[in-house]
Structure formats: structure tokens, C-alpha cells
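Here is entry.txt, consisting of compact mmCIF, C-alpha atoms:
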# COMPACT_ATOMS: atom_id res chain seq x y z
CA MET D 1 -13.13 -10.86 28.34
CA ARG D 2 -13.25 -12.03 24.71
CA PHE D 3 -13.44 -9.40 21.95
CA PRO D 4 -15.26 -9.82 18.64
CA VAL D 5 -13.05 -11.11 15.82
CA ALA D 6 -13.20 -7.71 14.10
CA LEU D 7 -11.44 -6.21 17.14
CA SER D 8 -8.54 -8.65 17.08
CA LEU D 9 -5.11 -7.07 17.48
CA PRO D 10 -4.05 -7.75 13.86
CA ASN D 11 -7.27 -6.18 12.53
CA LEU D 12 -6.79 -3.16 14.80
CA VAL D 13 -3.26 -2.70 13.42
CA THR D 14 -4.68 -2.85 9.88
CA LEU D 15 -7.41 -0.34 10.74
CA ALA D 16 -4.79 1.95 12.29
CA ARG D 17 -2.85 1.79 9.00
CA ILE D 18 -5.93 2.97 7.12
CA LEU D 19 -6.78 5.68 9.65
CA THR D 20 -3.23 7.05 9.51
CA VAL D 21 -3.47 7.88 5.78
CA PRO D 22 -5.23 11.25 6.32
CA LEU D 23 -2.44 12.29 8.68
CA ILE D 24 0.18 11.41 6.05
CA LEU D 25 -1.75 13.44 3.48
CA ALA D 26 -2.07 16.39 5.88
CA LEU D 27 1.69 16.32 6.49
CA LEU D 28 2.26 16.37 2.73
CA TYR D 29 -0.10 19.30 2.21
CA LEU D 30 1.55 21.17 5.09
CA ASN D 31 4.93 20.63 3.37
CA HIS D 32 6.33 18.42 6.15
CA SER D 33 7.90 15.95 3.72
CA PHE D 34 10.28 14.34 6.21
CA TRP D 35 7.50 13.54 8.69
CA ALA D 36 5.16 12.41 5.91
CA ALA D 37 7.86 10.06 4.62
CA ALA D 38 8.67 8.76 8.11
CA LEU D 39 5.02 8.07 8.91
CA PHE D 40 4.45 6.55 5.45
CA LEU D 41 7.38 4.18 5.99
CA LEU D 42 6.21 3.26 9.51
CA VAL D 43 2.72 2.49 8.22
CA ALA D 44 4.09 0.54 5.25
CA LEU D 45 6.33 -1.53 7.54
CA SER D 46 3.44 -2.21 9.92
CA ASP D 47 1.93 -4.30 7.12
CA ALA D 48 4.30 -7.09 8.14
CA VAL D 49 3.31 -6.67 11.79
CA ASP D 50 -0.39 -7.33 11.34
CA GLY D 51 0.26 -10.42 9.22
CA MET D 52 2.79 -11.77 11.69
CA LEU D 53 0.43 -11.13 14.61
CA ALA D 54 -2.48 -12.78 12.83
CA ARG D 55 -0.48 -15.95 12.23
CA LYS D 56 1.26 -16.00 15.62
CA LEU D 57 -1.94 -15.35 17.58
CA ASN D 58 -3.97 -17.64 15.31
CA GLN D 59 -6.23 -14.69 14.49
CA VAL D 60 -6.35 -14.85 10.71
CA THR D 61 -9.84 -13.63 9.81
CA GLU D 62 -11.83 -13.08 6.65
CA LEU D 63 -12.03 -9.40 7.56
CA GLY D 64 -8.25 -9.26 7.90
CA LYS D 65 -7.76 -10.99 4.56
CA LEU D 66 -9.94 -8.29 2.99
CA LEU D 67 -8.63 -5.26 4.87
CA ASP D 68 -4.88 -6.00 4.75
CA PRO D 69 -4.38 -5.67 0.98
CA LEU D 70 -6.94 -2.87 0.89
CA ALA D 71 -4.93 -0.93 3.49
CA ASP D 72 -1.81 -1.21 1.29
CA LYS D 73 -3.68 0.13 -1.71
CA ILE D 74 -5.29 2.98 0.22
CA LEU D 75 -1.89 4.01 1.59
CA VAL D 76 -0.01 3.92 -1.71
CA VAL D 77 -2.68 5.21 -4.09
CA SER D 78 -3.85 8.04 -1.80
CA THR D 79 -0.31 9.23 -1.27
CA LEU D 80 0.49 9.05 -4.98
CA ILE D 81 -2.63 11.05 -5.83
CA ALA D 82 -1.61 13.74 -3.34
CA LEU D 83 1.87 13.79 -4.89
CA VAL D 84 0.39 14.30 -8.35
CA GLU D 85 -1.30 17.42 -7.07
CA LEU D 86 1.61 18.67 -4.98
CA LYS D 87 4.76 17.67 -6.83
CA ASN D 88 3.82 17.08 -10.47
CA VAL D 89 4.33 13.34 -10.23
CA PRO D 90 3.23 11.91 -13.60
CA ALA D 91 -0.51 11.33 -13.39
CA LEU D 92 -0.27 8.59 -16.03
CA ALA D 93 2.00 6.51 -13.79
CA VAL D 94 -0.36 6.94 -10.85
CA ALA D 95 -3.39 6.11 -13.00
CA LEU D 96 -1.74 2.93 -14.29
CA ILE D 97 -0.95 1.81 -10.75
CA ALA D 98 -4.45 2.68 -9.52
CA VAL D 99 -6.19 0.88 -12.39
CA ARG D 100 -4.20 -2.32 -11.86
CA GLU D 101 -4.83 -2.21 -8.11
CA LEU D 102 -8.57 -1.80 -8.62
CA LEU D 103 -8.78 -4.54 -11.24
CA ILE D 104 -6.87 -7.12 -9.24
CA THR D 105 -8.63 -6.21 -6.01
CA ALA D 106 -11.93 -6.81 -7.77
CA VAL D 107 -11.00 -10.42 -8.64
CA ARG D 108 -8.60 -11.29 -5.80
CA THR D 109 -9.14 -14.58 -3.99
CA SER D 110 -5.67 -15.81 -3.05
CA GLY D 111 -2.72 -14.44 -1.10
CA ALA D 112 0.06 -12.31 -2.52
CA LYS D 113 2.78 -14.08 -4.45
CA TRP D 114 6.35 -13.03 -5.18
CA TRP D 115 5.49 -10.51 -7.92
CA GLY D 116 2.82 -8.95 -5.70
CA LYS D 117 5.25 -8.51 -2.83
CA LEU D 118 7.89 -7.03 -5.17
CA LYS D 119 5.24 -4.69 -6.55
CA THR D 120 4.35 -3.45 -3.07
CA VAL D 121 7.99 -2.88 -2.09
CA SER D 122 8.69 -0.98 -5.32
CA GLN D 123 5.62 1.22 -4.77
CA VAL D 124 6.65 2.02 -1.19
CA ILE D 125 10.20 2.91 -2.26
CA ALA D 126 8.93 5.06 -5.13
CA VAL D 127 6.48 6.93 -2.92
CA LEU D 128 9.14 7.58 -0.27
CA MET D 129 11.53 8.89 -2.91
CA LEU D 130 8.79 11.08 -4.37
CA ILE D 131 7.80 12.51 -0.98
CA LEU D 132 11.43 13.37 -0.27
CA SER D 133 12.03 14.67 -3.84
CA TRP D 134 15.03 12.39 -4.27
CA PRO D 135 16.80 12.06 -7.62
CA TYR D 136 15.46 9.36 -9.93
CA ALA D 137 12.19 9.15 -7.97
CA VAL D 138 10.10 9.37 -11.13
CA GLU D 139 12.19 6.64 -12.78
CA VAL D 140 11.66 4.40 -9.75
CA LEU D 141 7.94 5.20 -9.97
CA TRP D 142 7.91 3.98 -13.57
CA LEU D 143 9.70 0.81 -12.44
CA ALA D 144 6.92 0.39 -9.88
CA VAL D 145 4.35 0.85 -12.67
CA ILE D 146 6.02 -1.93 -14.69
CA LEU D 147 6.23 -4.28 -11.69
CA THR D 148 2.63 -3.43 -10.79
CA TRP D 149 1.42 -4.54 -14.20
CA ILE D 150 3.68 -7.63 -14.34
CA SER D 151 2.27 -8.73 -10.98
CA GLY D 152 -1.26 -8.10 -12.26
CA VAL D 153 -0.71 -10.22 -15.37
CA ASP D 154 0.98 -12.90 -13.26
CA TYR D 155 -1.99 -12.93 -10.91
CA LEU D 156 -4.51 -13.25 -13.74
CA VAL D 157 -2.49 -16.04 -15.42
CA ARG D 158 -2.22 -17.99 -12.15
CA ARG D 159 -5.92 -17.48 -11.50
CA GLY D 160 -6.45 -18.86 -14.95
In C-alpha cells, write the structure found in this file.
Amino acid sequence: MRFPVALSLPNLVTLARILTVPLILALLYLNHSFWAAALFLLVALSDAVDGMLARKLNQVTELGKLLDPLADKILVVSTLIALVELKNVPALAVALIAVRELLITAVRTSGAKWWGKLKTVSQVIAVLMLILSWPYAVEVLWLAVILTWISGVDYLVRRG
């Protein structure tokens, strides 16, 4: 039995990433920081799984190209917004990340480059550190803000 392209395994993994965000937020609001961080990391790492599956199974789709980066942004920005409310994470840093993500998503047509990948990794590390209230978490968040904007400028320059 052949499934519609939207139901391909890579797309289902991406959709699962998106649908897991409310659970991460619930864990944060219930003050289960360890489990929120663990699930956040698992979901963030699954980003590589859906891309690998799509290429290996020859199931790269237009829907997947749209949903994959959107899933990353939903995960990171939603979690950061919750952390602003719960842990006094600087709202300015979160706003700067969210604005860049929205702007670049609005004009995105090509795959992620080196700066974009570095930006995503820095955001994931910062969010994990913030969830777990680790030392220097806010400083790492500001590093993520800087890398987020560098990758945005790089993207716009390359797009030209």
C-alpha cells in the first residue's frame, strides 16, 4: 500500500517534532526542568533524523522542505517564550531571535548553510542551559542572538 507523500516517514518525524512542543511546554510549566530539557534535546536531535531519512529513502518533498525548518523555529521560539515567562530570560534576546527567524523564513528559498546550522546548534544549547538554569545560560543565549543575526545577514547577502 502506497501512502500519500505528506505521510512519508520523514514528514511524520517532522510533524511529531512539532506536536511534541506542547508537551515540552507543559513540562516546563509543571517545573519538570530535567524532563523538559531531555525531551527538548531529543526533539532537537530528531531534526537530523528526518533529513537523513528523507535523503536515504528518496522522500525529499516540498512539504518536508517547508515543515523541517519551521519545526526548528517552533521548537526553539516557543520554548524561549515560555522561559521568558517562567525564568526571566531576557525578552529582548528572545524577541531578536524570533524577529530574525520570522524574517528569514518569509524569504527562504534555499537550504541551510554553515551559519544557519551554527545558529540552530547555539539556540538549542542556549535553550537547554536555560531550562536547566545552568551558569552562563544567559550569556550563551546572547551568543545565540549574535549568531542568529549573523546567519540572517549571511543568508540575505547570499540571496542577493
If you count only C-alpha atoms, the residue of D:Ile97, D:Leu80, D:Leu12, D:Val89 closest to Val127 of chain D turns out to be D:Leu80
**OP:** Counting all atoms listed in the file, figure out which residue out of D:Leu7, D:Leu41, D:Leu28, D:Leu156 gets nearest to Thr61 of chain D.
**Re:**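 Answer, going by the shortest atom-to-atom distance: D:Leu7.
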Counting all atoms listed in the file, the residue among D:Asn58, D:Leu27, D:Asp72, D:Ala126 that lies closest to Ala44 of chain D is D:Asp72
Atom pair atom CA of Ile104 of chain D + atom CA of Leu42 of chain D, distance 25.1 Å
Using only C-alpha atoms, the best pick from D:Arg158, D:Leu86, D:Ala144, D:Leu23 as closest to Gln123 of chain D would be D:Ala144
For Asp50 of chain D, the closest of D:Thr14, D:Ser133, D:Thr79, D:Thr148 counting all atoms listed in the file is D:Thr14
Among D:Val99, D:Lys56, D:Ala91, D:Val124, Val76 of chain D is approached most closely, using all atoms listed in the file, by D:Val124
Grab the atom CA of Trp115 of chain D to atom CA of Glu85 of chain D distance for me, in Å with one decimal place.
->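 Computed distance, atom CA of Trp115 of chain D to atom CA of Glu85 of chain D, equals 28.8 Å.
Distance-wise, atom CA of Ser122 of chain D and atom CA of Leu19 of chain D end up 22.5 Å apart.
The protein and nucleic acid residues lying at most 9 Å from Pro10 of chain D are Leu7, Ser8, Leu12, Val13, Thr14, Leu15, Val49, Asp50, Gly51, Met52, Leu53, Ala54, Leu57, Gln59, Val60 and Gly64 of chain D, with all atoms listed in the file considered and sequence neighbours fewer than 2 positions away removed.
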Residues near Ile150 of chain D, cut-off 12 Å, only C-alpha atoms, skip fewer than 3 positions along chain, as a VMD selection string:
chain D and resid 96 to 97 100 to 101 104 113 to 119 143 to 147 153 to 157
